[in-house]
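Here's the structure we're looking at; comments come further down.
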Amino acid sequence: MLRQLKKEELYACCSLDDLPFQTTDDITPLSETIGQKRALKSLQFGLDIESHGFNIYILGESGTGKMTTIRTILEVKARNEAVPMDWCYVYNFRNVDIPRALSLPPGRGHEFRKDMEELISFLRQEIPKIFETKEYEKQRTKILEEFQERQKSYFTEIEKEAKEKDFALRKTVSGLVLLPVKTTGETLSEEEYESLDPKVKKKVAAIGRDLQEKLDDAIRNVREEEKKIKEMMKDLERQATLSVIGHRIDELRNTYKDSSEIPDHLERVKEDILENLDDFKPQEDQTPAIPFMKPARSEPSFTRYSVNVFVNNGDLKGAPVVIENNPTYYNLFGRVEHKLQYGVALTDFTMIKPGSLQQANGGYIVIDALELLKNIFSYDALKRTIKDREIKIEDVWEQYRLMSTATLKPQAVPFNVKIILVGNPRLYYLLYNLDEEYRELFKVKADYENRMDRTPENILKYASFVKTKCDERGLRPFDRDAVAKVIEYSSRLADHQQKLSAKFSDVADLLREADHWARDAKQDVVRGEDVARALEEREFRCNKVEKKILEATKEGTILIDTEGVVTGQINGLSVLDLGDYRFGTPSRITARTYAGRAGIVNIERETKMSGKIHEKAVLILTAYLGGKYAVKHSLSLTASLTFEQLYGGVEGDSATCAEVYALLSSISGVPLRQSYAVTGSMNQHGQVQPIGGVNEKIEGFFEACKLSGLNGKHGVIIPAKNLVHLMLKDEVIDAVVSGKFSIYAIDTIEDGIEILTGMKPGDMKADGSYPKGTFNHLVAGRLQELSEALKGEKDGNSNNGKRATRKASRKKKASGKKRM
């Protein structure tokens, strides 16, 4: 049924009775998230469950407050949870390439590092003093004297025996040698030795070999004694050092006795100190090889005794909450840094730096899903970490190098983090359907709404939201009229009279803009007209393209008729979305019909400018015509439909009703009033279905009609199912109230025929015909004429075919007789 809409149906005003305050200063700020019951319940479940794989994906449109909500929830929840352990990296004395990870109670990591620094500082001062004490020197001297006495005894015996046998023990560059001597005590020269009697010479050689063997034995004994002396000296140094460091290390071991790893590390530190006591002794200056050039002094390094406090949770008051906005691989998993020294990249365990996962260990981390996927290696490494339950620091580029380089591979840290991904719905469903591992690792879905019910309770909460933003941003208070305008704007954003938008970022922007115009007007309170001006100014900043299209329409470059009647032509409505601004614009739709069997030709489809939904709509249109007008005879015609001056693509089914009217007008020859525009989808039974962007479409045609002047005959026909979506501008509503513009709602295609053509549509009789003088009678009659014209053509073609068949038969018989 055709129905002209009234003012009350075009806009849902916010009653001031629902706002029991004068300004937002009279109400309390919002302390909860509104309109997200499902999402909040999912988040609570996901955060409370401790089973593996129950990580969370928060999906929703941008601006719905996903990040703000999860941050607030986590801050409250984490405050009541235990502070996780500190993590430190220390030198691995058994495998220097794999630094050792140690865990300590929160805050103890910093203490342990400080204790180790104090220990090394103490040892560097005290150990050198040990080797300067009289007691140490006394024991050292005693050991050396004993060694010298034993050494002297060995060589004294050899020297005595050699003298008795006319040999002498001499020191040379190559060592100790035995030489035969004369009775005078002088060594025998080589010539003298060669001149000896062979028997004497043989005897001298035998004595020399015997003495040499004894000398070799003595030298071996001395060397064994030297080794023993070295061990004794080393033991002396160890014992002397232990007297100083033993109790200090025991104190540290007792301090950290609750740790299962630190006492073992301290024992390894002690053994390393005792093995490298020379590092603690004063370093002597080396004589330069080149005069006047002093070589660089090589100082011993004590870095291996340091402690790298990798994660320090000492300042936390609960579990950590990390918001990672740039989830690169190294930002998430940490890195091993290097420093250049003389052109060489050097590193050690103190240069291991944590990532956000290590910092969030024992707590929560929130990651932007899109940014995670944009960063190479991050997503796959994150899944591995969840599955393996440990965080590894790796050089991910190593596999791509032509030559592998030696680097540190720190010991992995146990992983215990609840991961919350935040992203849009499309990304969620892509991951869920294309990545099997994702389903096992992110089992909790928190789906954010983009709209909420416009109830009195939610209206008050929306007012509290306005109050919250005023306090956070330092804005002026909003009076009741301003809050009412904000709520009405929210319904416009939601495209629903009984809904409010959950895209709070857009609403917050409006609040700041309204505050600016209130300040510009030197007002202490933001009023309703300030909100209205903010909306007008925003539209003016963004509507350049819309105004250019209207200018082209006024100039006649874009052909749009808003007066008169035309056969087979109607004004359809479409919406252009530029991202920051959306507006409606009329489009001329035309149809031509003539005899033929091609059916309805969608010109956009033939030129590959039509989308799938639009192609489906044309097929539905064809089915409707067949069911409506071809009950007793076939539907035989050729018709073409097109959007005139369309140079881009067309998609959607909201022009189906307009296309039907244009096609029926072309078939019947009845012109359509051009002062009306039509929008609406339909099904095969002719029932009109709702469409999107109804407000923008109405306002777009209204602006086009203003170009030629509103005369009371202009209007728009929309689906009745779209009435709940109407939130029109004041200018359009005022024109409707004054009778200059009309808006009609229809439930079926036939409801709009009379207002467009001036003719009754006509109901189908029992025999399938329509009453004379009705629009449907003209359509049915014209279709029958087209069908009969094609039928006559078909009969003529059939007779010609029969004559050709008989002629061919006679030729066949004649040829057969000839063969016989």
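Labeling convention for the structure tokens: chains A, B, ... as they appear, residues from 1 per chain, ligands from 1 in order of appearance.
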Quiz item: Neighbours of Val322 of chain A within 7 Å (only C-alpha atoms; same-chain residues fewer than 4 positions away dropped), as an MDAnalysis selection string?
Solution: chainID A and resid 356 360 364:366
Since we have the selection now, will you write its residues out, keeping all heavy atoms, as a CSV table (one decimal), in the first residue's frame?
chain,number,residue,atom,x,y,z
A,356,SER,N,58.5,-7.7,23.8
A,356,SER,CA,57.3,-7.5,24.5
A,356,SER,C,56.7,-8.8,25.1
A,356,SER,O,56.0,-8.8,26.1
A,356,SER,CB,56.2,-6.8,23.6
A,356,SER,OG,56.0,-7.4,22.4
A,360,ALA,N,55.8,-9.3,28.9
A,360,ALA,CA,54.4,-9.6,29.3
A,360,ALA,C,54.3,-11.0,29.9
A,360,ALA,O,53.2,-11.5,30.3
A,360,ALA,CB,53.5,-9.6,28.0
A,364,TYR,N,49.6,-10.4,30.3
A,364,TYR,CA,48.8,-10.2,29.1
A,364,TYR,C,49.5,-9.3,28.1
A,364,TYR,O,50.2,-8.4,28.4
A,364,TYR,CB,47.4,-9.6,29.5
A,364,TYR,CG,46.8,-10.4,30.6
A,364,TYR,CD1,47.0,-10.0,31.9
A,364,TYR,CD2,45.9,-11.4,30.3
A,364,TYR,CE1,46.4,-10.6,33.0
A,364,TYR,CE2,45.3,-12.1,31.4
A,364,TYR,CZ,45.5,-11.7,32.7
A,364,TYR,OH,44.9,-12.4,33.7
A,365,ILE,N,49.3,-9.7,26.8
A,365,ILE,CA,49.8,-8.8,25.7
A,365,ILE,C,48.7,-8.6,24.7
A,365,ILE,O,47.9,-9.6,24.3
A,365,ILE,CB,51.0,-9.4,25.0
A,365,ILE,CG1,51.6,-8.5,24.0
A,365,ILE,CG2,50.7,-10.8,24.4
A,365,ILE,CD1,52.9,-8.8,23.5
A,366,VAL,N,48.5,-7.4,24.2
A,366,VAL,CA,47.5,-7.0,23.2
A,366,VAL,C,48.2,-6.6,22.0
A,366,VAL,O,49.1,-5.8,22.0
A,366,VAL,CB,46.6,-5.9,23.8
A,366,VAL,CG1,45.5,-5.6,22.7
A,366,VAL,CG2,45.9,-6.3,25.1
Quiz item: What's the 10 Å shell around Thr385 of chain A, counting only C-alpha atoms, without same-chain residues fewer than 5 positions away, as a list in words?
Solution: Phe333, Leu357, Tyr379, Asp380, Glu390, Ile391, Lys392, Pro414, Phe415 and Asn416 of chain A
Quiz prompt | Counting only C-alpha atoms, the residue of A:Ser31, A:Thr585, A:Asn571, A:Gln22 that sits nearest Val678 of chain A | solution =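 Residue with the minimum atom-to-atom distance to Val678 of chain A: A:Asn571.
Reported to one decimal place, the separation of atom CA of Lys499 of chain A from atom CA of Asn458 of chain A is 9.8 Å.
The gap separating atom CA of Glu529 of chain A from atom CA of Ser464 of chain A is 20.3 Å, in Å to one decimal.
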Practice problem: Determine, counting only C-alpha atoms, which protein, DNA and RNA residues have an atom within 10 Å of an atom of Ile352 of chain A; residues of the same chain fewer than 5 positions away are not included. Present the result as a VMD selection string. | Solution: chain A and resid 88 to 89 99 308 to 310 334 to 338 347 393 408 to 410
Exercise. Identify, on the basis of only C-alpha atoms, every residue whose closest approach to Ser587 of chain A does not exceed 8 Å; exclude the query and any residue fewer than 3 positions from it along the same chain; express the result as a PyMOL selection string.
Key: chain A and resi 560+571-574+643-644
Those same residues, written as a CSV table (one decimal), in the first residue's frame with N, CA, C and O atoms?
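In the end it all went to again_26.csv:
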chain,number,residue,atom,x,y,z
A,560,ILE,N,19.7,14.7,-15.7
A,560,ILE,CA,18.7,14.3,-14.7
A,560,ILE,C,17.5,15.2,-14.9
A,560,ILE,O,17.6,16.4,-14.8
A,571,ASN,N,14.1,8.0,-12.4
A,571,ASN,CA,15.3,8.4,-11.6
A,571,ASN,C,15.5,7.3,-10.5
A,571,ASN,O,14.7,7.1,-9.6
A,572,GLY,N,16.7,6.7,-10.6
A,572,GLY,CA,17.1,5.8,-9.6
A,572,GLY,C,18.0,6.5,-8.6
A,572,GLY,O,18.4,7.6,-8.8
A,573,LEU,N,18.3,5.9,-7.5
A,573,LEU,CA,19.1,6.5,-6.5
A,573,LEU,C,20.3,5.6,-6.1
A,573,LEU,O,20.1,4.4,-5.9
A,574,SER,N,21.5,6.2,-5.9
A,574,SER,CA,22.6,5.4,-5.5
A,574,SER,C,23.4,6.2,-4.5
A,574,SER,O,23.2,7.4,-4.3
A,643,PHE,N,22.0,2.1,-16.9
A,643,PHE,CA,22.2,3.3,-16.2
A,643,PHE,C,22.9,4.3,-17.1
A,643,PHE,O,24.0,4.1,-17.5
A,644,GLU,N,22.2,5.4,-17.5
A,644,GLU,CA,22.8,6.3,-18.4
A,644,GLU,C,23.9,7.1,-17.7
A,644,GLU,O,23.9,7.3,-16.5
Self-check item: Nearest-residue call for His777 of chain A, choices A:Thr468, A:Asn331, A:Ser668, A:Thr642, using only C-alpha atoms
Solution: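 Residue with the minimum atom-to-atom distance to His777 of chain A: A:Ser668.
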Practice problem: as a ChimeraX atom specification, list the residues of segment 251-484 of chain A assigned to alpha helix (DSSP H) by DSSP on the backbone atoms of this structure. | Solution: /A:251-255,262-275,329-333,356-359,369-374,378-388,425-434,436-441,456-473,480-484
Practice problem: Would you please work out which residue, of A:Gln674, A:Gly693, A:Lys729, A:Pro198, is nearest to Ala532 of chain A when using only C-alpha atoms? | Solution: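 Going through A:Gln674, A:Gly693, A:Lys729, A:Pro198 one by one, the smallest distance to Ala532 of chain A is for A:Lys729.
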Exercise. Would you return as JSON, numbers by chain the members of segment 609-722 of chain A that DSSP assigns to strand (DSSP E) on this structure's backbone?
Key: {"A": [638, 639, 640, 641, 642, 643, 672, 673, 676, 677, 678, 681, 682, 688, 689, 714, 715, 716, 717, 718, 719]}
Quiz item: Quick one: residues within 12 Å of Arg512 of chain A, only C-alpha atoms counted, chain neighbours fewer than 2 positions away excluded, as a PyMOL selection string?
Solution: chain A and resi 466+469-478+486+505-510+514-519+526+530-531+534-535+538
Now that the selection is made, can you save its residues with C-alpha atoms as a tab-separated table (two decimals), in the first residue's frame?
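For reference, out15.tsv as written:
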chain	number	residue	atom	x	y	z
A	466	VAL	CA	29.72	12.45	26.86
A	469	LYS	CA	34.97	12.54	27.23
A	470	CYS	CA	34.46	16.08	28.53
A	471	ASP	CA	36.51	15.24	31.62
A	472	GLU	CA	39.22	13.40	29.69
A	473	ARG	CA	39.64	16.05	26.98
A	474	GLY	CA	38.95	19.12	29.08
A	475	LEU	CA	35.83	20.01	27.07
A	476	ARG	CA	33.04	22.35	28.10
A	477	PRO	CA	29.96	20.73	29.63
A	478	PHE	CA	27.14	19.84	27.21
A	486	VAL	CA	24.61	13.82	19.92
A	505	SER	CA	35.49	7.43	18.12
A	506	ASP	CA	33.20	9.21	15.62
A	507	VAL	CA	31.03	10.50	18.45
A	508	ALA	CA	34.10	11.67	20.37
A	509	ASP	CA	35.26	13.60	17.30
A	510	LEU	CA	31.88	15.34	17.15
A	514	ALA	CA	31.20	21.04	18.99
A	515	ASP	CA	33.37	22.24	21.87
A	516	HIS	CA	35.49	24.18	19.39
A	517	TRP	CA	32.48	26.04	18.00
A	518	ALA	CA	31.20	26.75	21.50
A	519	ARG	CA	34.57	28.25	22.37
A	526	VAL	CA	28.07	23.50	24.52
A	530	ASP	CA	26.96	24.06	18.45
A	531	VAL	CA	26.54	20.35	17.71
A	534	ALA	CA	29.82	21.04	13.97
A	535	LEU	CA	27.90	18.65	11.71
A	538	ARG	CA	32.17	18.83	8.85
Self-check item: Contact residues around segment 624-629 of chain A with only C-alpha atoms at 10 Å, ignoring same-chain residues under 5 positions, as an MDAnalysis selection string
Solution: chainID A and resid 618:619 634:636 660 663:664 682:687 764 768:770 776:777 779:781 783:784
Practice problem: Give me the residues within 9 Å of Arg108 of chain A as a list in words, counting only C-alpha atoms and dropping any in the same chain fewer than 5 places off. | Solution: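 Returned residues: Met85, Asp86, Arg113, Asn312, Asn313 and Gly314 of chain A.
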File of the preceding selection, N, CA, C and O atoms, as a compact mmCIF listing (two decimals), in the first residue's frame:
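As written to disk, part10.txt reads:
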# COMPACT_ATOMS: atom_id res chain seq x y z
N MET A 85 57.91 -13.61 37.92
CA MET A 85 59.34 -13.66 38.27
C MET A 85 60.16 -12.72 37.38
O MET A 85 59.80 -12.43 36.25
N ASP A 86 61.30 -12.28 37.94
CA ASP A 86 62.31 -11.60 37.14
C ASP A 86 63.10 -12.65 36.35
O ASP A 86 63.19 -13.81 36.75
N ARG A 113 72.08 -8.56 40.53
CA ARG A 113 73.07 -7.88 39.71
C ARG A 113 73.94 -6.97 40.57
O ARG A 113 75.18 -6.94 40.43
N ASN A 312 62.75 -7.08 34.49
CA ASN A 312 62.69 -6.62 35.88
C ASN A 312 61.24 -6.25 36.21
O ASN A 312 60.70 -5.28 35.70
N ASN A 313 60.61 -7.06 37.04
CA ASN A 313 59.21 -6.81 37.43
C ASN A 313 59.11 -6.23 38.84
O ASN A 313 58.04 -6.28 39.45
N GLY A 314 60.19 -5.68 39.31
CA GLY A 314 60.19 -5.17 40.68
C GLY A 314 59.24 -4.01 40.92
O GLY A 314 58.75 -3.83 42.03
Quiz item: Restricting the calculation to only C-alpha atoms, which member of A:Gly568, A:Gly648, A:Gly752, A:Pro20 is positioned closest to Tyr676 of chain A?
Solution: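 Comparing A:Gly568, A:Gly648, A:Gly752, A:Pro20 against Tyr676 of chain A, the winner is A:Gly752.
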Exercise. Provide the atom CA of Ala12 of chain A to atom CA of Leu726 of chain A distance in Å, to one decimal place.
Key: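 So the answer is 8.0 Å.
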